[in-house]
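Quick look at start-v2.cif (mmCIF, C-alpha atoms):
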```
data_query
#
loop_
_atom_site.label_atom_id
_atom_site.label_comp_id
_atom_site.auth_asym_id
_atom_site.auth_seq_id
_atom_site.Cartn_x
_atom_site.Cartn_y
_atom_site.Cartn_z
CA MET J 1 50.69 1.61 -68.91
CA GLU J 2 47.93 -0.99 -68.67
CA LEU J 3 48.22 -4.24 -70.57
CA GLU J 4 45.59 -4.68 -73.28
CA VAL J 5 44.59 -7.66 -75.38
CA ARG J 6 46.63 -6.31 -78.31
CA HIS J 7 49.72 -6.36 -76.09
CA LEU J 8 49.07 -9.96 -75.07
CA ARG J 9 48.48 -10.89 -78.70
CA ALA J 10 51.85 -9.37 -79.60
CA LEU J 11 53.62 -11.33 -76.85
CA CYS J 12 52.04 -14.56 -78.05
CA ALA J 13 53.09 -13.84 -81.63
CA ILE J 14 56.70 -13.22 -80.57
CA ALA J 15 56.77 -16.47 -78.57
CA ASP J 16 55.15 -18.48 -81.39
CA THR J 17 57.44 -17.21 -84.15
CA GLY J 18 60.59 -16.80 -82.04
CA SER J 19 61.37 -13.64 -83.98
CA LEU J 20 60.41 -9.98 -83.74
CA HIS J 21 60.59 -9.71 -87.52
CA LYS J 22 58.28 -12.67 -88.13
CA ALA J 23 55.92 -11.63 -85.35
CA ALA J 24 55.66 -8.10 -86.76
CA ARG J 25 54.84 -9.48 -90.19
CA GLN J 26 52.20 -11.77 -88.68
CA LEU J 27 50.66 -8.86 -86.78
CA GLY J 28 50.72 -6.54 -89.78
CA MET J 29 53.08 -3.98 -88.24
CA THR J 30 56.70 -2.92 -88.63
CA GLN J 31 59.48 -4.50 -86.60
CA PRO J 32 60.54 -1.17 -85.02
CA SER J 33 56.96 -0.58 -83.86
CA LEU J 34 56.76 -4.07 -82.33
CA THR J 35 60.17 -3.63 -80.69
CA THR J 36 59.03 -0.36 -79.15
CA GLN J 37 55.79 -1.95 -77.97
CA LEU J 38 57.66 -4.85 -76.36
CA ARG J 39 60.04 -2.45 -74.63
CA ARG J 40 57.10 -0.50 -73.19
CA ILE J 41 55.44 -3.69 -71.97
CA GLU J 42 58.64 -4.85 -70.28
CA ASN J 43 59.21 -1.42 -68.75
CA SER J 44 55.70 -1.42 -67.31
CA LEU J 45 56.32 -4.83 -65.72
CA GLY J 46 59.85 -4.04 -64.62
CA ALA J 47 61.50 -7.11 -66.15
CA GLU J 48 62.43 -8.69 -69.48
CA LEU J 49 59.93 -11.11 -70.99
CA PHE J 50 62.18 -12.32 -73.81
CA SER J 51 65.89 -12.91 -74.16
CA ARG J 52 67.20 -11.72 -77.53
CA GLY J 53 70.01 -13.47 -79.33
CA ARG J 54 71.25 -14.57 -82.72
CA THR J 55 68.79 -17.43 -82.78
CA GLY J 56 65.81 -15.18 -82.05
CA CYS J 57 63.63 -14.34 -79.06
CA ARG J 58 63.05 -16.85 -76.27
CA PRO J 59 60.69 -16.29 -73.33
CA THR J 60 62.34 -15.73 -69.97
CA PRO J 61 60.89 -17.57 -66.93
CA LEU J 62 58.67 -14.54 -66.29
CA GLY J 63 57.75 -14.56 -69.96
CA HIS J 64 56.67 -18.19 -69.79
CA SER J 65 54.57 -17.44 -66.72
CA LEU J 66 52.89 -14.48 -68.38
CA LEU J 67 52.28 -16.37 -71.61
CA SER J 68 50.58 -19.24 -69.76
CA ARG J 69 47.96 -16.73 -68.57
CA ALA J 70 47.88 -14.62 -71.72
CA ARG J 71 47.16 -17.34 -74.26
CA PRO J 72 43.74 -18.35 -72.85
CA LEU J 73 42.75 -14.67 -72.69
CA VAL J 74 43.75 -14.08 -76.30
CA ALA J 75 41.94 -17.23 -77.40
CA ASP J 76 38.79 -16.23 -75.48
CA MET J 77 38.82 -12.76 -77.03
CA ALA J 78 39.25 -14.24 -80.52
CA ALA J 79 36.34 -16.59 -79.85
CA LEU J 80 34.24 -13.70 -78.57
CA VAL J 81 34.88 -11.65 -81.71
CA THR J 82 34.17 -14.64 -83.95
CA GLU J 83 30.92 -15.44 -82.18
CA ALA J 84 29.85 -11.79 -82.21
CA ARG J 85 30.50 -11.48 -85.93
CA ALA J 86 28.69 -14.74 -86.60
CA ALA J 87 25.72 -13.55 -84.58
CA ALA J 88 25.66 -10.24 -86.45
CA ALA J 89 25.77 -11.97 -89.83
CA ARG J 90 23.41 -14.78 -88.90
CA ALA J 91 20.45 -15.23 -91.18
CA ASP J 92 17.08 -16.60 -90.14
CA GLY J 93 18.24 -20.19 -90.71
CA PRO J 94 18.77 -22.68 -87.90
CA GLY J 95 21.89 -22.53 -85.71
CA LEU J 96 24.04 -25.18 -84.03
CA ARG J 97 26.26 -24.26 -81.10
CA VAL J 98 29.24 -26.60 -80.81
CA GLY J 99 31.63 -26.88 -77.88
CA SER J 100 34.90 -28.80 -77.80
CA THR J 101 38.10 -29.39 -75.94
CA ALA J 102 41.23 -29.32 -78.10
CA SER J 103 41.27 -31.88 -80.91
CA ARG J 104 42.76 -32.10 -84.38
CA ALA J 105 39.49 -33.70 -85.49
CA LEU J 106 37.64 -30.44 -84.92
CA PRO J 107 38.15 -28.75 -88.35
CA GLY J 108 37.05 -31.85 -90.24
CA TRP J 109 34.10 -32.31 -87.92
CA LEU J 110 32.86 -28.76 -88.47
CA ARG J 111 33.30 -29.16 -92.22
CA GLY J 112 31.28 -32.40 -92.12
CA ILE J 113 28.51 -30.81 -90.06
CA ARG J 114 28.15 -27.98 -92.55
CA ARG J 115 28.00 -30.46 -95.39
CA ARG J 116 25.38 -32.66 -93.70
CA LEU J 117 23.32 -29.74 -92.37
CA PRO J 118 23.42 -27.14 -95.16
CA GLY J 119 22.07 -23.75 -94.22
CA THR J 120 22.85 -24.30 -90.54
CA ASP J 121 24.90 -21.59 -88.92
CA VAL J 122 27.55 -23.40 -86.82
CA GLY J 123 29.09 -21.59 -83.86
CA LEU J 124 32.10 -22.85 -81.89
CA ARG J 125 33.23 -22.51 -78.31
CA MET J 126 36.57 -23.95 -77.17
CA ASP J 127 37.39 -24.64 -73.53
CA VAL J 128 40.10 -26.63 -71.76
CA SER J 129 37.54 -27.68 -69.16
CA ALA J 130 35.29 -30.54 -70.26
CA ASN J 131 33.11 -30.09 -67.17
CA ALA J 132 32.57 -26.42 -68.02
CA LEU J 133 31.45 -27.35 -71.54
CA LEU J 134 29.00 -29.95 -70.22
CA ARG J 135 27.51 -27.43 -67.80
CA THR J 136 27.11 -25.02 -70.72
CA VAL J 137 25.24 -27.65 -72.74
CA ALA J 138 22.99 -28.39 -69.76
CA ALA J 139 22.29 -24.66 -69.40
CA GLY J 140 21.12 -24.51 -73.02
CA GLN J 141 23.98 -22.29 -74.19
CA LEU J 142 25.49 -25.06 -76.34
CA ASP J 143 23.82 -27.82 -78.34
CA VAL J 144 26.65 -30.35 -78.31
CA ALA J 145 30.09 -30.81 -76.77
CA PHE J 146 33.00 -33.06 -77.75
CA VAL J 147 35.06 -33.68 -74.62
CA HIS J 148 37.98 -35.71 -73.24
CA GLU J 149 37.68 -37.62 -69.97
CA VAL J 150 41.01 -38.44 -68.30
CA GLU J 151 41.18 -42.05 -67.19
CA GLY J 152 40.52 -42.29 -63.46
CA SER J 153 38.92 -38.82 -63.27
CA PRO J 154 35.26 -39.18 -64.32
CA LEU J 155 33.50 -36.11 -65.66
CA ARG J 156 30.51 -34.66 -63.84
CA VAL J 157 27.81 -35.12 -66.48
CA PRO J 158 24.64 -33.10 -65.77
CA ASP J 159 21.29 -34.86 -65.91
CA GLY J 160 19.35 -34.73 -69.15
CA LEU J 161 22.25 -34.89 -71.63
CA ARG J 162 22.50 -37.62 -74.26
CA GLY J 163 25.94 -39.08 -74.77
CA ARG J 164 27.93 -41.33 -77.10
CA VAL J 165 31.41 -42.80 -76.69
CA LEU J 166 33.65 -41.98 -79.64
CA VAL J 167 36.80 -43.76 -78.40
CA ALA J 168 36.69 -45.87 -75.26
CA ARG J 169 40.42 -45.54 -74.58
CA GLU J 170 42.68 -43.24 -76.53
CA PRO J 171 46.34 -43.61 -75.45
CA GLN J 172 48.22 -40.42 -74.68
CA PHE J 173 51.64 -40.22 -76.27
CA ILE J 174 54.67 -38.25 -75.11
CA SER J 175 56.29 -35.30 -76.88
CA MET J 176 60.00 -34.60 -76.47
CA ALA J 177 62.86 -32.88 -78.20
CA ARG J 178 63.95 -34.54 -81.41
CA ASP J 179 67.42 -35.27 -79.94
CA HIS J 180 66.11 -36.67 -76.63
CA PRO J 181 67.83 -40.04 -75.99
CA ALA J 182 64.44 -41.73 -75.48
CA ALA J 183 63.36 -40.63 -78.97
CA ALA J 184 65.81 -43.08 -80.53
CA GLY J 185 63.33 -45.96 -80.17
CA PRO J 186 59.74 -46.40 -81.35
CA VAL J 187 58.35 -46.73 -77.79
CA VAL J 188 59.31 -44.90 -74.60
CA ASP J 189 59.46 -46.27 -71.06
CA LEU J 190 58.37 -43.98 -68.25
CA ALA J 191 61.63 -44.80 -66.47
CA ASP J 192 63.54 -43.21 -69.37
CA LEU J 193 61.84 -39.90 -68.52
CA ALA J 194 62.33 -40.01 -64.74
CA ASP J 195 64.87 -37.17 -64.77
CA ASP J 196 62.96 -34.92 -67.17
CA HIS J 197 60.75 -32.02 -66.23
CA TRP J 198 57.15 -32.96 -67.05
CA MET J 199 54.80 -30.25 -68.28
CA VAL J 200 51.08 -30.43 -67.48
CA ASP J 201 48.21 -27.97 -67.84
CA PRO J 202 46.45 -27.84 -64.45
CA THR J 203 43.36 -26.20 -65.99
CA VAL J 204 42.51 -29.37 -67.96
CA ASP J 205 40.02 -31.39 -65.90
CA GLY J 206 41.69 -34.47 -64.41
CA GLU J 207 45.00 -33.99 -66.24
CA TRP J 208 47.15 -33.22 -63.20
CA ASP J 209 45.62 -35.95 -61.03
CA GLY J 210 45.83 -38.53 -63.81
CA LEU J 211 49.50 -37.84 -64.53
CA ARG J 212 50.39 -37.85 -60.85
CA ARG J 213 48.72 -41.26 -60.38
CA VAL J 214 50.52 -42.79 -63.35
CA LEU J 215 53.94 -41.45 -62.36
CA GLY J 216 53.42 -42.58 -58.77
CA ALA J 217 52.41 -46.07 -59.88
CA ALA J 218 55.61 -46.25 -61.94
CA GLY J 219 57.64 -45.35 -58.86
CA ILE J 220 59.06 -42.14 -60.29
CA ASP J 221 58.72 -38.59 -59.02
CA PRO J 222 60.01 -36.23 -61.73
CA PRO J 223 59.80 -32.45 -61.36
CA LEU J 224 56.51 -31.09 -62.72
CA LEU J 225 55.88 -27.77 -64.43
CA HIS J 226 52.45 -26.15 -64.78
CA ALA J 227 51.66 -24.28 -68.00
CA ASP J 228 49.40 -24.38 -71.02
CA TYR J 229 50.38 -26.71 -73.84
CA HIS J 230 51.32 -23.90 -76.23
CA THR J 231 54.05 -22.93 -73.78
CA ALA J 232 54.85 -26.60 -73.22
CA ALA J 233 55.59 -27.08 -76.92
CA ALA J 234 58.19 -24.32 -76.84
CA LEU J 235 59.92 -25.89 -73.83
CA VAL J 236 59.72 -29.40 -75.28
CA VAL J 237 61.45 -28.31 -78.48
CA LEU J 238 64.29 -26.80 -76.44
CA GLY J 239 64.70 -30.00 -74.44
CA GLU J 240 63.56 -28.30 -71.23
CA ALA J 241 60.56 -30.58 -70.66
CA VAL J 242 58.51 -33.49 -71.91
CA ALA J 243 54.73 -33.45 -72.07
CA PRO J 244 51.79 -35.78 -72.71
CA CYS J 245 50.11 -35.20 -76.05
CA GLN J 246 47.25 -36.52 -78.12
CA PRO J 247 48.25 -39.38 -80.46
CA THR J 248 46.71 -37.46 -83.36
CA SER J 249 49.28 -34.65 -82.93
CA GLY J 250 50.75 -33.66 -86.25
CA PRO J 251 54.40 -34.22 -87.21
CA ARG J 252 57.01 -31.58 -86.42
CA GLU J 253 60.62 -31.49 -87.52
CA ASP J 254 61.76 -30.16 -84.14
CA MET J 255 59.80 -32.54 -81.93
CA ALA J 256 59.47 -36.30 -81.47
CA ILE J 257 56.16 -37.96 -80.54
CA ARG J 258 56.25 -41.50 -79.20
CA PRO J 259 53.83 -43.91 -77.52
CA LEU J 260 54.49 -44.89 -73.90
CA ARG J 261 55.11 -48.57 -73.23
CA GLY J 262 51.97 -50.15 -71.81
CA ASP J 263 49.89 -47.03 -72.58
CA PRO J 264 49.59 -45.92 -68.95
CA LEU J 265 48.04 -42.56 -69.85
CA ALA J 266 44.68 -42.56 -71.60
CA VAL J 267 41.49 -40.57 -72.11
CA ARG J 268 37.97 -41.40 -73.21
CA LEU J 269 36.51 -39.34 -76.05
CA LEU J 270 32.84 -38.49 -75.55
CA LEU J 271 30.12 -36.58 -77.35
CA PHE J 272 27.22 -35.09 -75.37
CA ALA J 273 24.20 -33.24 -76.72
CA ARG J 274 21.09 -31.57 -75.40
CA PRO J 275 17.70 -33.12 -76.19
CA GLY J 276 16.63 -32.26 -79.72
CA ALA J 277 20.14 -31.96 -81.16
CA PRO J 278 20.89 -34.24 -84.18
CA LEU J 279 23.21 -36.49 -82.17
CA ASP J 280 23.42 -39.32 -84.72
CA ILE J 281 24.52 -36.99 -87.53
CA LEU J 282 26.97 -35.15 -85.29
CA TYR J 283 28.46 -38.43 -84.05
CA ALA J 284 28.85 -39.87 -87.56
CA GLU J 285 30.67 -36.76 -88.81
CA LEU J 286 32.90 -36.65 -85.73
CA ALA J 287 33.81 -40.32 -86.17
CA ALA J 288 34.77 -39.71 -89.80
CA ALA J 289 36.86 -36.66 -88.90
CA TYR J 290 38.62 -38.50 -86.08
CA ARG J 291 39.40 -41.45 -88.35
CA GLU J 292 40.99 -39.10 -90.86
CA VAL J 293 43.35 -37.42 -88.37
CA ALA J 294 44.12 -40.71 -86.59
CA LEU J 295 45.31 -42.39 -89.78
CA ARG J 296 47.21 -39.30 -90.90
CA ALA J 297 49.38 -39.26 -87.75
CA ALA J 298 52.17 -41.78 -88.40
CA PRO J 299 52.95 -42.70 -84.75
CA TYR J 300 49.27 -43.30 -84.02
CA ARG J 301 48.80 -45.24 -87.24
CA GLU J 302 51.71 -47.51 -86.31
CA TRP J 303 50.33 -47.91 -82.80
CA LEU J 304 46.97 -48.97 -84.23
CA ARG J 305 48.67 -51.54 -86.44
CA GLY J 306 50.52 -52.85 -83.39
CA GLN J 307 47.20 -53.31 -81.63
CA GLY J 308 45.88 -55.35 -84.55
CA ALA J 309 43.74 -52.43 -85.68
CA ALA J 310 44.79 -51.96 -89.29
CA PRO J 311 43.96 -48.60 -90.84
CA GLY J 312 40.40 -48.51 -92.10
CA ALA J 313 36.97 -47.34 -91.16
CA PHE J 314 36.09 -46.06 -87.74
CA VAL J 315 33.25 -48.32 -86.65
CA GLY J 316 32.48 -47.47 -83.05
CA PRO J 317 33.83 -46.78 -79.58
CA GLY J 318 37.52 -47.46 -79.56
CA LEU J 319 37.50 -49.67 -82.68
CA MET J 320 39.38 -49.44 -85.95
CA THR J 321 38.99 -52.17 -88.53
CA ALA J 322 40.23 -52.78 -92.01
#
```
Represent the structure from my file as C-alpha cells, please.
Amino acid sequence: MELEVRHLRALCAIADTGSLHKAARQLGMTQPSLTTQLRRIENSLGAELFSRGRTGCRPTPLGHSLLSRARPLVADMAALVTEARAAAARADGPGLRVGSTASRALPGWLRGIRRRLPGTDVGLRMDVSANALLRTVAAGQLDVAFVHEVEGSPLRVPDGLRGRVLVAREPQFISMARDHPAAAGPVVDLADLADDHWMVDPTVDGEWDGLRRVLGAAGIDPPLLHADYHTAAALVVLGEAVAPCQPTSGPREDMAIRPLRGDPLAVRLLLFARPGAPLDILYAELAAAYREVALRAAPYREWLRGQGAAPGAFVGPGLMTA
C-alpha cells in the first residue's frame, strides 16, 4: 500500500481532533471506515501511529514524526487545489498574487485587499520560508509577500523589491500547558523553562539559530525538539514541551501564552512587493488587520500597555498609540 494525500489528510484530522469519531465526521466518512483506513496505514508502515485510550487518540513518537512531514504536504496540496480552482474560475479582471508566512492578520488583510481593490482576483501562497517567498516575488510569481525576519538572522532580500517595515520588533511569547508552574505569573523567565523540552520548527528561516542564540546567552541548554508548530501545539497542551509563539496567538482553554521577561526573542514584520504592485494600499490594509488581531489578543494587549503603548491605531513600524 502506498501512502496518498488522502491518507495523510486522515492522519492529520485524527491528530487535530484527538478522536476517530470526530475525525471521521470532519472528513465526511464513517468511523469504521476511518478505523479500517488507519489500520491499513499502520500495517503498511509496520508500527502504530496513534495510541488509543479512553481520552482519545494520541500520536506515538513515530506518529509525531510522520505528522511533522505530512502537514506541510497536505497544506501544499490544499493550496494547489485552491489556486487551480481560482485560476479556472478567474475572469478577465486583474489579479493579485499574495504570499505570506503564518500570521493571524492574514484573513483580515485579504478581506481588506478585496474591499480596497474590488474586482481583483486575490490568490494566496503560504510558506514557512520567508526567503523562499521573497525569491518567488523576485521571480515574478508573486506580487507581494508578508514575511517575518528573526532577530539576528537577516533575510536575503533580492534586488529590485520594494519593502516596508510593519513592526520593527515584535516580541515572541511562549506557549505552555495551562498547568505549567511558570504559567502562574503574568511574565515568564527563561530560567523557569530550563528543564522543559523546547519545540522549534527548523524549516522556518532563522528560527533555530535565533532560539539557540537566546538560550545560550541565558546560560541554559534545554533539550530541543524539531517539528512543525501544529505538532508542537499538541505536545504543549500535554505538557511535553514549550514553544515560542506569535503574541497575536488566540486564546485557548488548554494552553497558556505568556511574554518572556526582557523580550529576548523577537522578529521584524516586513512587506515586500514587486515594482508596479500597489504597495501603499497593501501596507495600509495589512497594518489595519494586524492592529485588529494585536488588540484582540489579551496577553499582547497587556504587553503593549506595559510598554506605554495603549491600545489604539497602528501608526507605523513598531508603534501603537492611543
Give me, as a tab-separated table, the closest atom pair and its distance (Å, one decimal) for every residue of stretch 210-241 of chain J within a cut-off of 10 Å of stretch 180-192 of chain J, counting all atoms listed in the file, rows sorted by chain and rising number.
```
residue	atom	partner	partner_atom	distance
J:Val214	CA	J:Leu190	CA	9.3
J:Leu215	CA	J:Leu190	CA	7.8
J:Ala218	CA	J:Leu190	CA	7.3
J:Gly219	CA	J:Ala191	CA	8.6
J:Ile220	CA	J:Ala191	CA	7.2
J:Pro222	CA	J:Ala191	CA	9.9
J:Val236	CA	J:His180	CA	9.8
J:Val237	CA	J:His180	CA	9.7
J:Gly239	CA	J:His180	CA	7.2
```
(request) Rank nothing, just name the residue among J:Arg9, J:His64, J:Arg97, J:Arg268 nearest to J:Arg164, using only C-alpha atoms. (result)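 That would be J:Arg268, the residue with the smallest distance to J:Arg164.
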What do you get, as a compact mmCIF listing (two decimals) with C-alpha atoms, keeping the file's coordinate frame, if you spell out every residue that the PyMOL selection byres ((chain J and resi 62) around 12) selects here?
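Output file part_12.txt follows:
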```
# COMPACT_ATOMS: atom_id res chain seq x y z
CA GLU J 42 58.64 -4.85 -70.28
CA LEU J 45 56.32 -4.83 -65.72
CA GLY J 46 59.85 -4.04 -64.62
CA ALA J 47 61.50 -7.11 -66.15
CA GLU J 48 62.43 -8.69 -69.48
CA LEU J 49 59.93 -11.11 -70.99
CA PHE J 50 62.18 -12.32 -73.81
CA SER J 51 65.89 -12.91 -74.16
CA ARG J 58 63.05 -16.85 -76.27
CA PRO J 59 60.69 -16.29 -73.33
CA THR J 60 62.34 -15.73 -69.97
CA PRO J 61 60.89 -17.57 -66.93
CA GLY J 63 57.75 -14.56 -69.96
CA HIS J 64 56.67 -18.19 -69.79
CA SER J 65 54.57 -17.44 -66.72
CA LEU J 66 52.89 -14.48 -68.38
CA LEU J 67 52.28 -16.37 -71.61
CA SER J 68 50.58 -19.24 -69.76
CA ARG J 69 47.96 -16.73 -68.57
```
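Around stretch 282-289 of chain J, within 8 Å and counting all atoms listed in the file, the residues found are Ala105, Leu106, Gly108, Trp109, Gly112, Ile113, Arg164, Leu166, Leu271, Phe314 and Gly316 of chain J, once anything fewer than 6 positions away on its own chain is removed.
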(request) Find the residues with any atom within 7 Å of (48.1, -39.1, -86.7); use all atoms listed in the file and the coordinates as given in the file, and write the answer as an MDAnalysis selection string. (result) chainID J and resid 247:250 293:301
Hey, could you pull the box centre and edge lengths for stretch 281-294 of chain J, axis-aligned, 8 Å padding per side, all listed atoms, to one decimal in Å, as AutoDock Vina command-line options?
```
--center_x 34.3 --center_y -38.3 --center_z -87.5 --size_x 35.6 --size_y 22.3 --size_z 22.8
```
(request) Give me, please, the distance in Å between atom CA of J:Gly306 and atom CA of J:Leu269, quoted to one decimal. (result)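 Going from atom CA of J:Gly306 over to atom CA of J:Leu269 covers 20.8 Å.
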Per-residue nearest contacts of stretch 197-307 of chain J to stretch 131-148 of chain J (12 Å; only C-alpha atoms) as JSON lines:
```
{"residue": "J:Thr203", "atom": "CA", "partner": "J:Ala132", "partner_atom": "CA", "distance": 11.0}
{"residue": "J:Val204", "atom": "CA", "partner": "J:His148", "partner_atom": "CA", "distance": 9.4}
{"residue": "J:Asp205", "atom": "CA", "partner": "J:Asn131", "partner_atom": "CA", "distance": 7.1}
{"residue": "J:Gly206", "atom": "CA", "partner": "J:His148", "partner_atom": "CA", "distance": 9.7}
{"residue": "J:Glu207", "atom": "CA", "partner": "J:His148", "partner_atom": "CA", "distance": 10.1}
{"residue": "J:Gln246", "atom": "CA", "partner": "J:His148", "partner_atom": "CA", "distance": 10.5}
{"residue": "J:Ala266", "atom": "CA", "partner": "J:His148", "partner_atom": "CA", "distance": 9.7}
{"residue": "J:Val267", "atom": "CA", "partner": "J:His148", "partner_atom": "CA", "distance": 6.1}
{"residue": "J:Arg268", "atom": "CA", "partner": "J:His148", "partner_atom": "CA", "distance": 5.7}
{"residue": "J:Leu269", "atom": "CA", "partner": "J:His148", "partner_atom": "CA", "distance": 4.8}
{"residue": "J:Leu270", "atom": "CA", "partner": "J:Val147", "partner_atom": "CA", "distance": 5.4}
{"residue": "J:Leu271", "atom": "CA", "partner": "J:Phe146", "partner_atom": "CA", "distance": 4.6}
{"residue": "J:Phe272", "atom": "CA", "partner": "J:Ala145", "partner_atom": "CA", "distance": 5.3}
{"residue": "J:Ala273", "atom": "CA", "partner": "J:Val144", "partner_atom": "CA", "distance": 4.1}
{"residue": "J:Arg274", "atom": "CA", "partner": "J:Asp143", "partner_atom": "CA", "distance": 5.5}
{"residue": "J:Pro275", "atom": "CA", "partner": "J:Asp143", "partner_atom": "CA", "distance": 8.4}
{"residue": "J:Gly276", "atom": "CA", "partner": "J:Asp143", "partner_atom": "CA", "distance": 8.6}
{"residue": "J:Ala277", "atom": "CA", "partner": "J:Asp143", "partner_atom": "CA", "distance": 6.2}
{"residue": "J:Pro278", "atom": "CA", "partner": "J:Val144", "partner_atom": "CA", "distance": 9.1}
{"residue": "J:Leu279", "atom": "CA", "partner": "J:Val144", "partner_atom": "CA", "distance": 8.0}
{"residue": "J:Asp280", "atom": "CA", "partner": "J:Val144", "partner_atom": "CA", "distance": 11.5}
{"residue": "J:Ile281", "atom": "CA", "partner": "J:Val144", "partner_atom": "CA", "distance": 11.6}
{"residue": "J:Leu282", "atom": "CA", "partner": "J:Val144", "partner_atom": "CA", "distance": 8.5}
{"residue": "J:Tyr283", "atom": "CA", "partner": "J:Phe146", "partner_atom": "CA", "distance": 9.4}
{"residue": "J:Glu285", "atom": "CA", "partner": "J:Phe146", "partner_atom": "CA", "distance": 11.9}
{"residue": "J:Leu286", "atom": "CA", "partner": "J:Phe146", "partner_atom": "CA", "distance": 8.8}
{"residue": "J:Ala287", "atom": "CA", "partner": "J:Phe146", "partner_atom": "CA", "distance": 11.1}
{"residue": "J:Tyr290", "atom": "CA", "partner": "J:Phe146", "partner_atom": "CA", "distance": 11.4}
```
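Counting all atoms listed in the file and comparing J:Leu110, J:Ala13, J:Leu38, J:Ala234, the residue that lies closest to J:Gln26 is J:Ala13.
As for atom CA of J:Gly18 and atom CA of J:Thr55, they are spaced 8.3 Å apart.
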(message) Here's the selection I'm unsure about, the PyMOL selection byres ((chain J and resi 197-200) around 8); applied to the file above, which residues does it give, as number ranges by chain?
(response) J: 195-196, 201-202, 207-208, 222-229, 232, 240-244
(request) Could you please determine the separation between atom CA of J:Val74 and atom CA of J:Arg6 in Å, to one decimal place? (result)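 Here the two named atoms are 8.5 Å from each other.
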(message) Given the PyMOL selection byres ((chain J and resi 95) around 6) and the file above, list the residues it selects as a list of chain:residue names.
(response) J:Pro94, J:Leu96, J:Thr120, J:Asp121, J:Val122
(request) Can you work out which one of J:Ala78, J:Ala177, J:Gly152, J:Gly28 has the shortest atom-to-atom distance to J:Leu238, counting all atoms listed in the file? (result) J:Ala177
(request) Select, from J:Pro107, J:Gly123, J:Pro154, J:Pro171, the residue with the minimum atom-to-atom distance to J:Leu265, counting only C-alpha atoms. (result)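 Ranking J:Pro107, J:Gly123, J:Pro154, J:Pro171 by distance to J:Leu265, first place goes to J:Pro171.
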Rebuild stretch 145-157 of chain J so that it carries N, CA, C and O atoms, then output the result as a CSV table (one decimal), in the frame of the given file.
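Written output follows (rebuild.csv):
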```csv
chain,number,residue,atom,x,y,z
J,145,ALA,N,28.7,-31.0,-77.2
J,145,ALA,CA,30.1,-30.8,-76.8
J,145,ALA,C,30.9,-32.1,-77.0
J,145,ALA,O,30.4,-33.2,-76.6
J,146,PHE,N,32.1,-32.0,-77.6
J,146,PHE,CA,33.0,-33.1,-77.8
J,146,PHE,C,34.1,-32.9,-76.7
J,146,PHE,O,34.8,-31.9,-76.7
J,147,VAL,N,34.2,-33.9,-75.8
J,147,VAL,CA,35.1,-33.7,-74.6
J,147,VAL,C,36.0,-34.9,-74.4
J,147,VAL,O,35.7,-36.0,-74.9
J,148,HIS,N,37.0,-34.7,-73.6
J,148,HIS,CA,38.0,-35.7,-73.2
J,148,HIS,C,37.8,-36.0,-71.8
J,148,HIS,O,37.8,-35.0,-70.9
J,149,GLU,N,37.8,-37.2,-71.4
J,149,GLU,CA,37.7,-37.6,-70.0
J,149,GLU,C,38.9,-38.4,-69.6
J,149,GLU,O,39.2,-39.5,-70.1
J,150,VAL,N,39.7,-37.8,-68.7
J,150,VAL,CA,41.0,-38.4,-68.3
J,150,VAL,C,40.7,-39.7,-67.5
J,150,VAL,O,39.8,-39.7,-66.6
J,151,GLU,N,41.4,-40.8,-67.9
J,151,GLU,CA,41.2,-42.0,-67.2
J,151,GLU,C,41.4,-41.9,-65.7
J,151,GLU,O,42.4,-41.4,-65.2
J,152,GLY,N,40.4,-42.4,-64.9
J,152,GLY,CA,40.5,-42.3,-63.5
J,152,GLY,C,39.9,-41.0,-62.9
J,152,GLY,O,39.9,-40.9,-61.7
J,153,SER,N,39.5,-40.1,-63.7
J,153,SER,CA,38.9,-38.8,-63.3
J,153,SER,C,37.6,-38.6,-64.0
J,153,SER,O,37.5,-37.8,-65.0
J,154,PRO,N,36.5,-39.3,-63.6
J,154,PRO,CA,35.3,-39.2,-64.3
J,154,PRO,C,34.7,-37.7,-64.4
J,154,PRO,O,34.9,-37.0,-63.4
J,155,LEU,N,34.1,-37.4,-65.5
J,155,LEU,CA,33.5,-36.1,-65.7
J,155,LEU,C,32.2,-36.1,-64.9
J,155,LEU,O,31.6,-37.1,-64.6
J,156,ARG,N,31.8,-34.9,-64.5
J,156,ARG,CA,30.5,-34.7,-63.8
J,156,ARG,C,29.5,-34.3,-64.9
J,156,ARG,O,29.4,-33.1,-65.3
J,157,VAL,N,28.8,-35.3,-65.4
J,157,VAL,CA,27.8,-35.1,-66.5
J,157,VAL,C,26.5,-34.7,-65.9
J,157,VAL,O,25.8,-35.5,-65.2
```
